[in-house]
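Engineer: Let me begin by handing over the structure; questions about it come next.
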Amino acid sequence: MDKFLPLLGDEIGDPDEECFLLLSNKPDNRDLGFVDRTRPTIPVSINSQDFLIHQSPSLLTSARGAGTTGAVLWKVTPLLAGWLTHPSNVFASRILRPTSTVVELGAGTSGVLALSLAPLVAGYIATDQQYCLKLLRKNISENSGDRQADPPTSSRAKAAGNPDKRSKRATENARRKEKITVLPLDWQLTQATSIPELQDKGIDLIIAADCIYNESLVQPLVDTMADLSGLGRTGEHRPDRPAPFVMVAQELRSPDVLEAFMAAFCSKFTVWRLPDALYEGCGDSGRELMDGGGYVVHLGILK
């Protein structure tokens with residue numbers, strides 16, 4: 001831990017100042033941040049991994065009162081996945097270990113982070129409201145089978161014609177699927193500590209990607225992060241271990257929502273903004289996550 005934290009630079013002391021700095025350097029005239037809200041399927045490439053992601057444009061535009069934003073893929077999710085799994089990312093190798101357990105909040109329907117990160121860890125738990133889970137499970141299942149995204153990349157096309165590579169890929173996909181668990185979790189209605197599958201897991205990392213968009217959800221989200229951090233600190237097989245890291249990636253939109261989140265997050269967590277140095281050399285995803293690109297990634301540890 002002592003060797004890891006200096007990579008993060010100074011912790012955030014003033015949430016209001018952090019919001020001012022972020023918003024003063026935000027690009028103008030950005031869209032809401034969908035990858036493509038009109039298409040039922042989207043091919044996604046995360047470094048050497050290719051996925052075909054199903055989404056639900058009709059659900060996004062429906063009148064469902066409890067929210068519909070999880071129905072489609074948002075831009076920051078593949079950016080975060082691409083950066084975390086980039087071969088040159090020395091930072092990620094320190095928090096994504098073969099023994100790690102990761103919990104994602106607000107996974108939506110895409111499963112991109114779960115599919116990308118599962119091969120690197122011992123277990124990945126993707127959570128969201130019940131309405132997202134059917135399509136989320138479908139994306140995880142289909143992209144963990146011996147199938148190809150359409151159209152295939154040249155590397156995957158070559159592998160398809162090679163029995164040894166095809167067998168290896170099938171084995172890797174089966175292991176990926178075994179590592180991913182999908183669970184319902186509504187921050188406003190369910191306390192994370194009451195879910196049996198989340199207890200005694202020894203959680204190492206909690207991820208929330210583009211979940212900061214509604215001021216009324218900010219406090220329930222931060223409370224859930226704190227509850228899970230408490231569980232992560234006291235796992236049955238690893239007692240008295242440090243609290244897990246909480247990684248929050250978001251596109252910068254509403255000043256009011258950002259300010260509410262930073263105030264709530266910093267009240268319960270020691271927080272850092274990931275510096276540009278950690279993105280350098282990590283391809284297009286790393287470059288887009290740098291300061292001034294309209295996105296930000298914060299890392300927190302429960303106080």
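As shown in the structure tokens, the chain order sets the letters A, B, ...; within each chain, residues go from 1, and ligands are also counted from 1 in the order they appear.
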From a backbone DSSP assignment, name each residue in region 76-132 of chain A labelled alpha helix (DSSP H), as a ChimeraX atom specification.
Structural biologist: /A:76-84,92-95,112-117,130-132
Engineer: Which residues are close to region 49-57 of chain A, i.e. within 7 Å by only C-alpha atoms, leaving aside same-chain residues fewer than 5 positions away? Reply as a list in words.
Structural biologist: Arg37, Thr38, Arg39, Pro40, Thr41, Ile42, Pro43, Val44, Ala71, Val72, Thr109, Ser110, Asn139, Asn143, Ala149 and Asp150 of chain A
Engineer: Hey, can you spit out that residue selection with N, CA and C atoms as a short mmCIF file (atom, residue, chain, number, x, y, z; two decimals), in the first residue's frame?
Structural biologist:
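The file below, result35.cif, is the result:
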data_model
loop_
_atom_site.label_atom_id
_atom_site.label_comp_id
_atom_site.auth_asym_id
_atom_site.auth_seq_id
_atom_site.Cartn_x
_atom_site.Cartn_y
_atom_site.Cartn_z
N ARG A 37 -27.16 5.12 -29.21
CA ARG A 37 -28.42 4.80 -28.56
C ARG A 37 -29.45 4.18 -29.49
N THR A 38 -29.16 4.06 -30.78
CA THR A 38 -30.16 3.61 -31.75
C THR A 38 -29.99 2.15 -32.17
N ARG A 39 -28.84 1.55 -31.94
CA ARG A 39 -28.56 0.21 -32.47
C ARG A 39 -28.82 -0.88 -31.42
N PRO A 40 -29.46 -1.98 -31.83
CA PRO A 40 -29.71 -3.07 -30.88
C PRO A 40 -28.46 -3.86 -30.53
N THR A 41 -27.45 -3.85 -31.40
CA THR A 41 -26.18 -4.51 -31.10
C THR A 41 -25.02 -3.59 -31.48
N ILE A 42 -23.93 -3.69 -30.69
CA ILE A 42 -22.75 -2.86 -30.93
C ILE A 42 -21.51 -3.74 -30.79
N PRO A 43 -20.65 -3.80 -31.83
CA PRO A 43 -19.37 -4.50 -31.67
C PRO A 43 -18.41 -3.63 -30.85
N VAL A 44 -17.76 -4.23 -29.88
CA VAL A 44 -16.84 -3.50 -28.99
C VAL A 44 -15.53 -4.26 -28.94
N ALA A 71 -29.93 0.70 -20.02
CA ALA A 71 -30.36 -0.08 -21.18
C ALA A 71 -29.38 -0.02 -22.35
N VAL A 72 -28.46 0.96 -22.33
CA VAL A 72 -27.52 1.11 -23.45
C VAL A 72 -26.11 1.32 -22.92
N THR A 109 -26.56 -3.13 -18.81
CA THR A 109 -26.85 -4.34 -19.58
C THR A 109 -25.67 -4.85 -20.38
N SER A 110 -24.61 -4.06 -20.54
CA SER A 110 -23.56 -4.41 -21.50
C SER A 110 -22.62 -5.50 -21.02
N ASN A 139 -25.58 -10.89 -22.50
CA ASN A 139 -24.31 -10.41 -23.03
C ASN A 139 -23.13 -11.19 -22.47
N ASN A 143 -21.03 -13.69 -25.02
CA ASN A 143 -19.65 -13.28 -25.24
C ASN A 143 -18.65 -14.16 -24.48
N ALA A 149 -17.56 -11.83 -32.52
CA ALA A 149 -18.28 -10.60 -32.82
C ALA A 149 -18.40 -10.48 -34.33
N ASP A 150 -19.38 -9.76 -34.81
CA ASP A 150 -19.61 -9.61 -36.24
C ASP A 150 -19.50 -8.12 -36.59
#
Engineer: If you measure from CA of Leu80 (chain A) to CA of Asp200 (chain A), what distance in Å do you get, rounded to one decimal?
Structural biologist: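 Value for the CA of Leu80 (chain A)-CA of Asp200 (chain A) distance: 27.1 Å.
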Engineer: Could you please write out, as a ChimeraX atom specification, every residue of region 260-300 of chain A that DSSP assigns to strand (DSSP E or B)?
Structural biologist: /A:269-273,295-300
Engineer: Kindly export the residues of the current selection with C-alpha atoms, as a compact mmCIF listing (two decimals), in the first residue's frame.
Structural biologist:
# COMPACT_ATOMS: atom_id res chain seq x y z
CA PHE A 269 -13.65 8.24 1.67
CA THR A 270 -10.12 9.49 1.24
CA VAL A 271 -10.16 10.39 -2.46
CA TRP A 272 -7.65 10.88 -5.25
CA ARG A 273 -8.14 11.88 -8.88
CA TYR A 295 -14.02 12.28 -18.24
CA VAL A 296 -12.59 11.72 -14.78
CA VAL A 297 -11.64 8.70 -12.69
CA HIS A 298 -11.47 8.99 -8.89
CA LEU A 299 -10.13 6.41 -6.47
CA GLY A 300 -11.28 6.25 -2.87
Engineer: Pick out the residues sitting within 10 Å of Ala243 (chain A), and hand them over as a ChimeraX atom specification; count only C-alpha atoms, and ignore anything fewer than 6 positions along from it in its own chain.
Structural biologist: /A:202-205,226,228-234,300-303
Engineer: Record the distance separating CA of Asp276 (chain A) and CA of Ser88 (chain A), expressed in Å with one decimal.
Structural biologist: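 Interatomic distance, CA of Asp276 (chain A) to CA of Ser88 (chain A): 14.1 Å.
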